[in-house]
Structure formats: structure tokens, C-alpha cells
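Structure, as C-alpha cells:
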Amino acid sequence: MSELKDHAALAENFNADELRVNWHDETLWFIRQKRDRSAHAIPDWELLRETASQIKHNVLSNLSEYLEQFEANAKANGVIVHWAVDAREHNQIVHGILKKHGVKEMVKSKSMLTEECHLNDYLAENGIEVIDSDLGERIVQLAKEPPSHIVLPSIHKKKEEVGELFHKHLGTAPGVSDPQVLTETARQHLREKFLTRRAALTGVNFAIAETGEFVVCTNEGNADMGAHLADVHIASMGIEKLIPQRKHLGVFLRLLARSATGQPITTYSSHFKKPRKGHEMHLVLVDNGRSIHLGREDFRNSLKCIRCGACMNTCPVYRRSGGHSYHNAVAGPIGAILAPNFDMKKAADLPFASTLCGSCSNVCPVKIDIHNQLYKWRQVIVQEGYADSKKTLGMKAMTQTFASPATFRLAGKAGRWFMRNVPLAVSNKLNPWYKQREMPVPPKESFGEWYRKNRK
Amino acid sequence: MSSREQILASVAKNQPIPVALPEIPIFSSEKSDLVEKFTTVAVGIGSKVFRVNSLKEAKQILLKEHKASKRIISTFPQFSDVAEVSIVPSTDPHTMEDVDLAILEAHLGVAENSALWVTEELLPMRVTPFICQHLALVVSPKAILPLMHHAYEQIGMKDYGFGVFIAGPSKTADIEQSLVLGAHGPRTLTIFLLEEQ
């Protein structure tokens with residue numbers, strides 16, 4: 001089972017194909033560069049980030065009030081509001097709505113929350129088929145895999161692999177891998193689903209306390225095709241997705257797509273306020289650990305996240321280990337600081353899957369101190385006894401070595417001697433630092449030795 | 001205790017001391033011509049933009065660009081000779097599936113990202129601008145605003161059931177980051193900047 005493997009072990013699988021890793025790395029870096037060009041074109045980008053950050057701080061510090069305000073306004077708009085303490089209750093609520101309407105098939109647009117709740121599996125067990133309608137999500141669904149990126153779910157797949165999946169499931173000719181042809185095939189296949197499904201589920205990018213409306217952003221138009229054709233629209237959102245006022249959308253919509261893909265805005269920013277006449281619009285507010293997370297002073301800032309994925313695209317570890325190595329619905333740096341809150345034991349490895357370079361914090365549109373939180377989680381995880389025992393032993397040995405100058409000098413000398421004279425003692429498969437790396441040639445003397453000789 | 005009460009109590013207990021809501025600062029906007037900026041951005045993301053003096057002119061362009069269109073719908077009575085112009089809102093949205101071209105109006109446009117704001121009152125039904133194969137939106141060049149903040153200032157607290165910013169044709173890059181126009185929604189977007197007479 002993949003759940004039993006940690007990030008390092010899963011990354012090792014991913015790293016087996018070096019050319020593929022390079023391709024993955026370059027593709028994501030290309031998106032990071034697009035983000036840079038887009039951000040740099042805005043003269044007061046930093047002021048925009050700061051404003052967004054401050055609005056989100058206000059939201060988190062008044063969340064209970066905003067939730068009540070949002071609920072009252074949404075209800076007044078004719079929206080049916082539900083509250084779910086955890087994933088299980090969320091899934092039950094969705095299932096209940098579908099059962100009431102006798103719905104056996106549903107279309108769904110992108111919602112990382114439903115990935116977090118494993119909604120598709122739950123509904124499948126209850127005899128309800130879910131079709132993911134975002135192209136990337138449909139691809140991974142056909143491949144029976146989870147998304148590997150929150151904005152680009154199938155970023156790890158080569159077009160030839162997509163071609164094979166479409167040949168097997170959607171009847172394209174064998175060997176077809178042209179993205180244009182494959183996308184057209186998916187368009188025809190999913191159009192039939194949109195036209196025949198009576199229920200549609202969407203995620204929520206922003207919910208506005210002041211008006212009770214919610215905004216869904218897509219490039220494909222899949223959320224709208226689903227919601228406007230179905231009798232029942234269900235929107236699922238984490239309670240942290242609230243913003244106080246409609247005008248604040250001006251700030252967040254300027255940041256979201258530029259940070260995510262470098263686009264000036266997504267093709268569609270749909271504002272859902274009232275249900276269509278004679279139809280139902282449901283909104284499920286999900287906690288699932290968020291309110292507890294809010295109480296952790298060092299980590300609550302991560303609830304400001306607007307799910308742009310910029311931290312993943314820039315992360316040297318994510319780019320070279322792939323989203324699936326994080327064994328969590330949200331991968332990358334942001335996933336690594338969100339996951340330990342929900343299950344510290346299961347996510348104990350994730351905050352260590354980082355070089356702490358800080359690039360994630362620098363690109364974050366709402367200024368989450370991601371790399372600081374990665375560092376702080378490591379300390380909590382060790383203190384709570386969830387750290388890898390090898391790591392703890394290594395750290396103890398290192399502490400002793402660094403604490404005594406004599407031991408430190410001796411260890412350095414021994415290390416240099418071994419690397420020069422018996423390189424195999426270090427450069428072997430048992431040493432994880434040697435994997436995918438070429439070790440440098442060790443110097444004859446340490447800096448300390450050189451300094452003592454040359455100071456006069 | 002209901003789930004609602006449980007969540008609200010837990011949030012209230014754990015939320016930090018109130019932090020004030022910041023004022024939205026005045027952000028710097030392009031000094032260049034707004035219509036020019038809007039057009040450059042729109043073309044950059046795959047839209048076509050035409051400055052026209054009349055709907056008649058727009059019609060000529062559309063009929064040339066979309067010769068093969070069989071079913072056209074519009075909210076402009078001026079298009080009644082080529083389009084269905086009086087679709088009642090109670091129509092089943094599924095009957096829109098074979099619409100080739102929809103010609104609709106937008107309230108305003110935003111220069112920085114070429115997004116056009118459309119609300120339900122300007123739509124025969126909500127699904128129209130998504131289900132049609134090709135979309136044309138008409139907007140006054142005077143209604144092009146510099147930034148999103150200006151757009152929301154104008155929108156204010158107006159009531160609507162559904163509203164959407166549309167920027168370009170529907171698209172995806174989910175297969176190896178290759179951009180493909182025409183994902184689930186319109187394959188093309190034509191924007192007419194209609195000078196008021």
C-alpha cells in the first residue's frame with residue numbers, strides 16, 4: 001500500500017526515470033516563470049499581496065461572525081446551507097441530497113475538498129457514479145489516480161499516456177497523442193455527461209459574508225456547464241474560504257490566476273448568488289479539523305491559503321519528487337503544513353520534504369510563512385514522538401559531535417580520509433545522500449586547519 | 001449540539017484576537033489608453049476584438065466569421081433577421097445544446113485582464129454563454145475600466161442571481177501544458193467595442 005511509504009520512498013519511485021523527472025521539473029518551472037512575468041507586470045504586486053494577507057488575517061480572527069453572516073445572507077438568497085463537522089458528515093450530506101432527488105449519477109468540477117473527504121469513493125460505495133469534469137481530473141480519474149497538483153491535476157502525465165487512457169476508455173484511435181485531438185474527444189465525451197446529469201457538485205474559491213454569494217473560477221467552463229444544466233447544484237467549501245465583502249474579490253481575483261498559471265484572470269469567475277427558479281442550490285460548510293487548526297498559533301496562517309499552487313510550482317522538492325509522493329490530497333509545501341494538523345502521525349514525513357529554501361513563502365499571494373511553518377512542524381513532530389527513529393538517532397549523534405570541538409575535528413578528519421581513500425564507504429546505496437547525487441571531491445584539510453596555518 | 005453549533009463554538013474558541021479589516025488601497029493603473037490595453041490583453045488570451053459603430057457592422061463581421069452557424073441566439077432585437085431574439089427564461093437550458101453562436105451584451109470590461117462582466121439580466125438563461133460553440137459580447141468602450149477594483153466599485157451591492165466575468169474563450173492546458181482553446185465552453189470569443197451613437 002502506498003500509504004505505508006513515506007515521501008522519501010515514494011520520491012524514489014518517481015526518481016527512477018531521470019528524463020521524466022527532468023521533464024516534470026522543467027514543466028513546473030515554466031509555469032513559475034509565467035507567474036513571475038505576470039506578477040512583475042503589476043507595479044504594486046507587493047501591496048496587493050499585503051492587502052490580501054491582511055484581509056485574510058481579519059477573516060481568521062472573525063471567522064465565527066463571518067460564518068453566521070454568510071449563512072444568514074445565503075439563506076435569504078434561497079440557498080440551502082449545511083454544516084459538516086468532518087469528512088464523513090460532508091459525504092453523508094451530499095449523499096442525502098442525491099438520494100432525496102433519486103440521483104445515481106453526478107458531474108463534479110474541481111474541488112480539492114472532496115478529494116480531502118474521499119467523496120467519490122464514498123458515493124461509489126453507495127451506488128452513485130461521479131464523473132470529474134475538469135479535463136485534468138478526468139484524466140487522473142480514468143487512470144484511477146488522485147490528482148498530483150491542486151491546479152494541474154494531471155501534470156505528471158505525458159500526452160502519450162493520456163492518449164492510451166483515451167484509447168482505452170473513450171475510443172480514440174491507438175497512438176493518438178495530439179493535445180488538440182484529445183481535448184476535443186474529452187469535450188464531446190463530457191458534453192454528453194453535462195447534458196444528462198441532474199446533479200452537479202462544484203468547489204468554492206471564495207464565499208462572501210456580506211452578500212451570501214460564492215465564486216467559482218475555472219478556465220474550461222466545466223463548473224458552469226454542470227451547475228446551469230443540473231436540477232441540483234451542490235457547492236462544497238472549507239470554512240476558511242470566506243472573505244468579508246464583495247469588493248475584496250477585486251484583490252483576490254487579481255492574485256489567484258496570476259499566481260497559479262500566470263494568466264491575468266481565469267476565463268470564468270462565476271458568482272453564484274441565488275438558485276435558478278424551481279431548482280435547488282446547496283452549500284456545505286465543512287470544518288474537518290480546520291477550527292482546531294485555527295487554534296494553533298504557529299500554524300493557523302496556513303488557513304489563509306487560496307489554493308493557487310504557486311508554492312508547488314516553485315518548490316525544488318515538489319518539482320523533483322512529484323505530487324503523489326506527498327500521499328495527501330494537497331501536495332507540495334502547502335500540503336506539508338496543512339496535513340500534519342489533520343493527522344500528525346500519517347504526515348510526520350511531509351514537513352521534512354523541504355530544503356527550507358523559502359521560495360514558497362516568497363511566491364505565496366497571501367504571504368503564508370510556509371517555510372517557517374515547515375521548520376516549526378519538524379520540531380512539533382519530533383517532540384510528539386512521530387519523527388523517523390533513524391532521523392532522531394542521527395540528530396542525537398550530530399548534536400554530540402557538534403557539541404565537542406575535539407570530536408568535531410576528529411569526525412571531519414575521518415570523513416575526509418574515508419571519502420578520499422575508500423570512497424565506496426560513503427558513496428554507496430546505503431547512504432541516502434548519495435542517491436541522485438555526485439559527491440564533491442573532499443578537500444585535503446578543513447577550513448579550520450587552513451585558517452590556523454594561514455592566519456599569520 | 002448540532003454540527004452548526006459545534007463548528008461555530010470551536011471556531012469562536014480558537015480564533016485569534018480580532019484584527020482590523022484593512023482599507024483597500026488605491027492601486028496604480030495603466031496610464032496608457034484603456035481600450036488599447038484591453039484589446040492587447042484580450043487578443044493575447046485568444047479573443048478577437050473589433051471596434052464598431054453599429055450592431056449592423058458587428059452583424060456583418062459575425063456572419064462572415066461564423067458562416068457555418070445554423071442556430072444563432074441573441075438578446076439584441078437588431079439580430080432578429082438571423083437569430084432567435086426572444087428566448088423566454090423558463091426554457092429548458094438543455095435545448096441550448098445546439099446553439100452555434102450567441103451574441104450578448106456585457107455591462108463592463110476590465111483593461112488589466114480583458115474580463116467582461118455579465119449578469120443574469122443580460123442572459124436568456126445562465127447556461128447560454130457557456131454552452132454555445134461561439135460567443136460574441138458587445139460592450140461600450142466607455143465601460144472599459146482599468147482594474148478589477150474599479151469593476152467592483154461599479155458593481156457595488158447590486159443584486160443578481162448569477163454574474164460572471166468572462167475573459168477569452170474556454171480553454172485548457174491540462175495535457176502537457178499545451179494550450180487548447182475550446183474546452184467545454186465556447187471555442188471562440190469575439191468582443192465588439194460598440195461606440196455609442
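Each chain in the C-alpha cells gets a letter, A, B, ..., in the order shown, and its residues are numbered from 1; ligands are numbered from 1 in order too.
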Please produce, as JSON lines, a per-residue contact table for chain A versus chain B (criterion: any atom at most 7 Å away, only C-alpha atoms considered), showing the nearest atom pair and its distance in Å to one decimal, sorted by chain then residue number.
```
{"residue": "A:Asp44", "atom": "CA", "partner": "B:Phe27", "partner_atom": "CA", "distance": 6.8}
{"residue": "A:Thr51", "atom": "CA", "partner": "B:Ile24", "partner_atom": "CA", "distance": 6.9}
{"residue": "A:Gln54", "atom": "CA", "partner": "B:Pro22", "partner_atom": "CA", "distance": 6.4}
{"residue": "A:Ile55", "atom": "CA", "partner": "B:Leu21", "partner_atom": "CA", "distance": 5.8}
{"residue": "A:His57", "atom": "CA", "partner": "B:Val19", "partner_atom": "CA", "distance": 6.4}
{"residue": "A:Asn58", "atom": "CA", "partner": "B:Val19", "partner_atom": "CA", "distance": 4.9}
{"residue": "A:Leu60", "atom": "CA", "partner": "B:Gln15", "partner_atom": "CA", "distance": 6.3}
{"residue": "A:Ser61", "atom": "CA", "partner": "B:Pro18", "partner_atom": "CA", "distance": 4.8}
{"residue": "A:Asn62", "atom": "CA", "partner": "B:Pro18", "partner_atom": "CA", "distance": 6.1}
{"residue": "A:Leu63", "atom": "CA", "partner": "B:Val11", "partner_atom": "CA", "distance": 6.8}
{"residue": "A:Ser64", "atom": "CA", "partner": "B:Ala12", "partner_atom": "CA", "distance": 5.4}
{"residue": "A:Trp83", "atom": "CA", "partner": "B:Arg4", "partner_atom": "CA", "distance": 5.4}
{"residue": "A:Ala84", "atom": "CA", "partner": "B:Ser3", "partner_atom": "CA", "distance": 6.2}
{"residue": "A:Val85", "atom": "CA", "partner": "B:Ser3", "partner_atom": "CA", "distance": 5.7}
{"residue": "A:Leu135", "atom": "CA", "partner": "B:Asp174", "partner_atom": "CA", "distance": 6.3}
{"residue": "A:Gly136", "atom": "CA", "partner": "B:Asp174", "partner_atom": "CA", "distance": 5.1}
{"residue": "A:Leu152", "atom": "CA", "partner": "B:Asp174", "partner_atom": "CA", "distance": 6.4}
{"residue": "A:Ser154", "atom": "CA", "partner": "B:Asp174", "partner_atom": "CA", "distance": 6.5}
{"residue": "A:Ile155", "atom": "CA", "partner": "B:Glu176", "partner_atom": "CA", "distance": 6.5}
{"residue": "A:Lys158", "atom": "CA", "partner": "B:Glu176", "partner_atom": "CA", "distance": 6.3}
{"residue": "A:Lys159", "atom": "CA", "partner": "B:Ile175", "partner_atom": "CA", "distance": 5.9}
{"residue": "A:Pro179", "atom": "CA", "partner": "B:Ile175", "partner_atom": "CA", "distance": 5.9}
{"residue": "A:Gln180", "atom": "CA", "partner": "B:Val180", "partner_atom": "CA", "distance": 5.9}
{"residue": "A:Thr183", "atom": "CA", "partner": "B:Ala183", "partner_atom": "CA", "distance": 6.7}
{"residue": "A:Arg187", "atom": "CA", "partner": "B:His184", "partner_atom": "CA", "distance": 5.5}
{"residue": "A:Leu195", "atom": "CA", "partner": "B:His94", "partner_atom": "CA", "distance": 6.4}
{"residue": "A:Asn219", "atom": "CA", "partner": "B:Lys171", "partner_atom": "CA", "distance": 5.5}
{"residue": "A:Glu220", "atom": "CA", "partner": "B:Ser170", "partner_atom": "CA", "distance": 4.9}
{"residue": "A:Gly221", "atom": "CA", "partner": "B:Gly185", "partner_atom": "CA", "distance": 5.4}
{"residue": "A:Asn222", "atom": "CA", "partner": "B:His184", "partner_atom": "CA", "distance": 6.0}
{"residue": "A:Asp224", "atom": "CA", "partner": "B:Phe130", "partner_atom": "CA", "distance": 6.9}
{"residue": "A:Met225", "atom": "CA", "partner": "B:Phe130", "partner_atom": "CA", "distance": 6.4}
{"residue": "A:His228", "atom": "CA", "partner": "B:Val127", "partner_atom": "CA", "distance": 5.3}
{"residue": "A:Leu229", "atom": "CA", "partner": "B:Pro93", "partner_atom": "CA", "distance": 6.1}
{"residue": "A:Lys247", "atom": "CA", "partner": "B:Tyr152", "partner_atom": "CA", "distance": 5.4}
{"residue": "A:Gly250", "atom": "CA", "partner": "B:His149", "partner_atom": "CA", "distance": 4.8}
{"residue": "A:Pro264", "atom": "CA", "partner": "B:Asn113", "partner_atom": "CA", "distance": 5.0}
{"residue": "A:Ile265", "atom": "CA", "partner": "B:Asn113", "partner_atom": "CA", "distance": 6.1}
{"residue": "A:Thr266", "atom": "CA", "partner": "B:Ala167", "partner_atom": "CA", "distance": 6.9}
{"residue": "A:Thr267", "atom": "CA", "partner": "B:Ala167", "partner_atom": "CA", "distance": 4.5}
{"residue": "A:Tyr268", "atom": "CA", "partner": "B:Ile166", "partner_atom": "CA", "distance": 5.0}
{"residue": "A:Ser269", "atom": "CA", "partner": "B:Phe165", "partner_atom": "CA", "distance": 5.1}
{"residue": "A:Ser270", "atom": "CA", "partner": "B:Val164", "partner_atom": "CA", "distance": 4.3}
{"residue": "A:His271", "atom": "CA", "partner": "B:Gly163", "partner_atom": "CA", "distance": 5.0}
{"residue": "A:Phe272", "atom": "CA", "partner": "B:Phe162", "partner_atom": "CA", "distance": 5.0}
{"residue": "A:Lys273", "atom": "CA", "partner": "B:Gly161", "partner_atom": "CA", "distance": 5.0}
{"residue": "A:Lys274", "atom": "CA", "partner": "B:Gly161", "partner_atom": "CA", "distance": 4.5}
{"residue": "A:Pro275", "atom": "CA", "partner": "B:Gly161", "partner_atom": "CA", "distance": 7.0}
{"residue": "A:Asp287", "atom": "CA", "partner": "B:Ile7", "partner_atom": "CA", "distance": 6.7}
{"residue": "A:Ser291", "atom": "CA", "partner": "B:Val11", "partner_atom": "CA", "distance": 4.9}
{"residue": "A:Ile292", "atom": "CA", "partner": "B:Asn14", "partner_atom": "CA", "distance": 6.8}
{"residue": "A:Leu294", "atom": "CA", "partner": "B:Asn14", "partner_atom": "CA", "distance": 5.6}
{"residue": "A:Gly295", "atom": "CA", "partner": "B:Asn14", "partner_atom": "CA", "distance": 4.2}
```
Name the residues in contact with Leu19 in chain A at a cut-off of 12 Å, using only C-alpha atoms, excluding same-chain residues fewer than 5 positions from it; report them as a PyMOL selection string.
-> chain A and resi 14+24-26+158+320
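Looking only at range 75-141 of chain B, the set that DSSP places in strand (DSSP E) from backbone geometry is B:Leu101, B:Ala102, B:Ile103, B:Leu104, B:Glu105, B:Leu108, B:Gly109, B:Val110, B:Leu116, B:Trp117, B:Val118, B:Thr119, B:His134, B:Leu135, B:Ala136, B:Leu137, B:Val138, B:Val139.
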What would the file look like if the residues just selected were written as a short mmCIF file (atom, residue, chain, number, x, y, z; two decimals), in the first residue's frame with C-alpha atoms?
```cif
data_model
loop_
_atom_site.label_atom_id
_atom_site.label_comp_id
_atom_site.auth_asym_id
_atom_site.auth_seq_id
_atom_site.Cartn_x
_atom_site.Cartn_y
_atom_site.Cartn_z
CA LEU B 101 -23.37 31.39 -31.84
CA ALA B 102 -24.69 33.58 -29.04
CA ILE B 103 -24.49 37.38 -29.25
CA LEU B 104 -24.93 39.01 -25.85
CA GLU B 105 -24.21 42.22 -24.02
CA LEU B 108 -18.39 46.47 -18.41
CA GLY B 109 -14.89 45.33 -19.23
CA VAL B 110 -11.60 45.41 -17.33
CA LEU B 116 -16.22 41.22 -19.25
CA TRP B 117 -18.91 41.37 -16.57
CA VAL B 118 -22.25 39.80 -17.45
CA THR B 119 -25.18 39.21 -15.11
CA HIS B 134 -19.02 30.55 -30.24
CA LEU B 135 -19.69 33.63 -28.15
CA ALA B 136 -19.82 37.31 -29.03
CA LEU B 137 -20.04 40.00 -26.36
CA VAL B 138 -20.86 43.64 -27.01
CA VAL B 139 -19.63 46.35 -24.67
#
```
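Computed from the coordinates, the CA of His107 in chain B to CA of Asn205 in chain A distance equals 23.2 Å.
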With a distance cut-off of 12 Å and only C-alpha atoms, select the neighbouring residues of Ala87 in chain A, excluding the residue or stretch itself and same-chain residues fewer than 6 positions from it, and output the selection as an MDAnalysis selection string.
-> chainID A and resid 93:94 113:120 122 236:238 284:290 342
As an mmCIF file with C-alpha atoms, in the first residue's frame, please: every residue in range 7-187 of chain B that a backbone DSSP assignment puts in alpha helix (DSSP H).
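What landed in part_31.cif:
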```
data_model
loop_
_atom_site.group_PDB
_atom_site.id
_atom_site.type_symbol
_atom_site.label_atom_id
_atom_site.label_comp_id
_atom_site.auth_asym_id
_atom_site.auth_seq_id
_atom_site.Cartn_x
_atom_site.Cartn_y
_atom_site.Cartn_z
ATOM 1 C CA ILE B 7 -18.346 24.218 14.461
ATOM 2 C CA LEU B 8 -19.229 27.777 15.416
ATOM 3 C CA ALA B 9 -18.277 27.162 19.052
ATOM 4 C CA SER B 10 -14.970 25.577 18.093
ATOM 5 C CA VAL B 11 -14.164 28.423 15.674
ATOM 6 C CA ALA B 12 -15.111 31.093 18.217
ATOM 7 C CA LYS B 13 -12.954 29.416 20.848
ATOM 8 C CA ASN B 14 -9.893 29.105 18.615
ATOM 9 C CA LEU B 34 -7.677 51.720 -21.609
ATOM 10 C CA VAL B 35 -9.259 50.425 -24.798
ATOM 11 C CA GLU B 36 -5.845 49.743 -26.260
ATOM 12 C CA LYS B 37 -4.721 47.916 -23.132
ATOM 13 C CA PHE B 38 -7.987 45.921 -23.006
ATOM 14 C CA THR B 39 -7.564 44.944 -26.668
ATOM 15 C CA THR B 40 -3.937 43.866 -26.277
ATOM 16 C CA VAL B 41 -4.744 41.655 -23.295
ATOM 17 C CA ALA B 42 -7.884 40.215 -24.949
ATOM 18 C CA VAL B 43 -6.030 39.282 -28.137
ATOM 19 C CA GLY B 44 -3.202 37.863 -26.013
ATOM 20 C CA LEU B 55 -24.674 46.481 -34.414
ATOM 21 C CA LYS B 56 -25.182 46.195 -38.164
ATOM 22 C CA GLU B 57 -21.439 46.341 -38.610
ATOM 23 C CA ALA B 58 -20.979 43.719 -35.873
ATOM 24 C CA LYS B 59 -23.517 41.508 -37.614
ATOM 25 C CA GLN B 60 -21.644 41.669 -40.906
ATOM 26 C CA ILE B 61 -18.400 40.664 -39.213
ATOM 27 C CA LEU B 62 -20.040 37.788 -37.317
ATOM 28 C CA LEU B 63 -21.843 36.396 -40.340
ATOM 29 C CA LYS B 64 -18.555 36.379 -42.227
ATOM 30 C CA GLU B 65 -16.577 34.836 -39.322
ATOM 31 C CA THR B 128 -26.062 30.491 -22.635
ATOM 32 C CA PRO B 129 -22.518 31.943 -22.624
ATOM 33 C CA PHE B 130 -21.081 28.516 -21.710
ATOM 34 C CA ILE B 131 -22.972 26.059 -23.890
ATOM 35 C CA MET B 148 -10.776 44.791 -11.072
ATOM 36 C CA HIS B 149 -11.171 47.165 -8.130
ATOM 37 C CA HIS B 150 -12.894 49.681 -10.402
ATOM 38 C CA ALA B 151 -15.181 46.970 -11.704
ATOM 39 C CA TYR B 152 -16.284 46.002 -8.195
ATOM 40 C CA GLU B 153 -16.735 49.669 -7.309
ATOM 41 C CA GLN B 154 -19.165 49.916 -10.210
ATOM 42 C CA ILE B 155 -20.891 46.616 -9.396
#
```
CA of Tyr66 in chain A to CA of Leu242 in chain A, distance in Å rounded to a single decimal = 7.3 Å
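If only C-alpha atoms are the atoms counted, then among B:Ser32, B:Ser54, B:Gln133, B:Pro77 the closest residue to Thr190 in chain B is B:Gln133.
With CA of Pro174 in chain A on one side and CA of Pro147 in chain A on the other, the separation reads 24.5 Å.
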Who sits within 10 Å of His279 in chain A, only C-alpha atoms, same chain under 5 positions skipped, as a list in words = Gly78, His228, Ala230, Asp231, Val232, His233 and Lys274 of chain A
Contacts of Gly332 in chain A at 9 Å or less, counting only C-alpha atoms, minus same-chain residues fewer than 4 places along, as a count of residues only?
-> 17
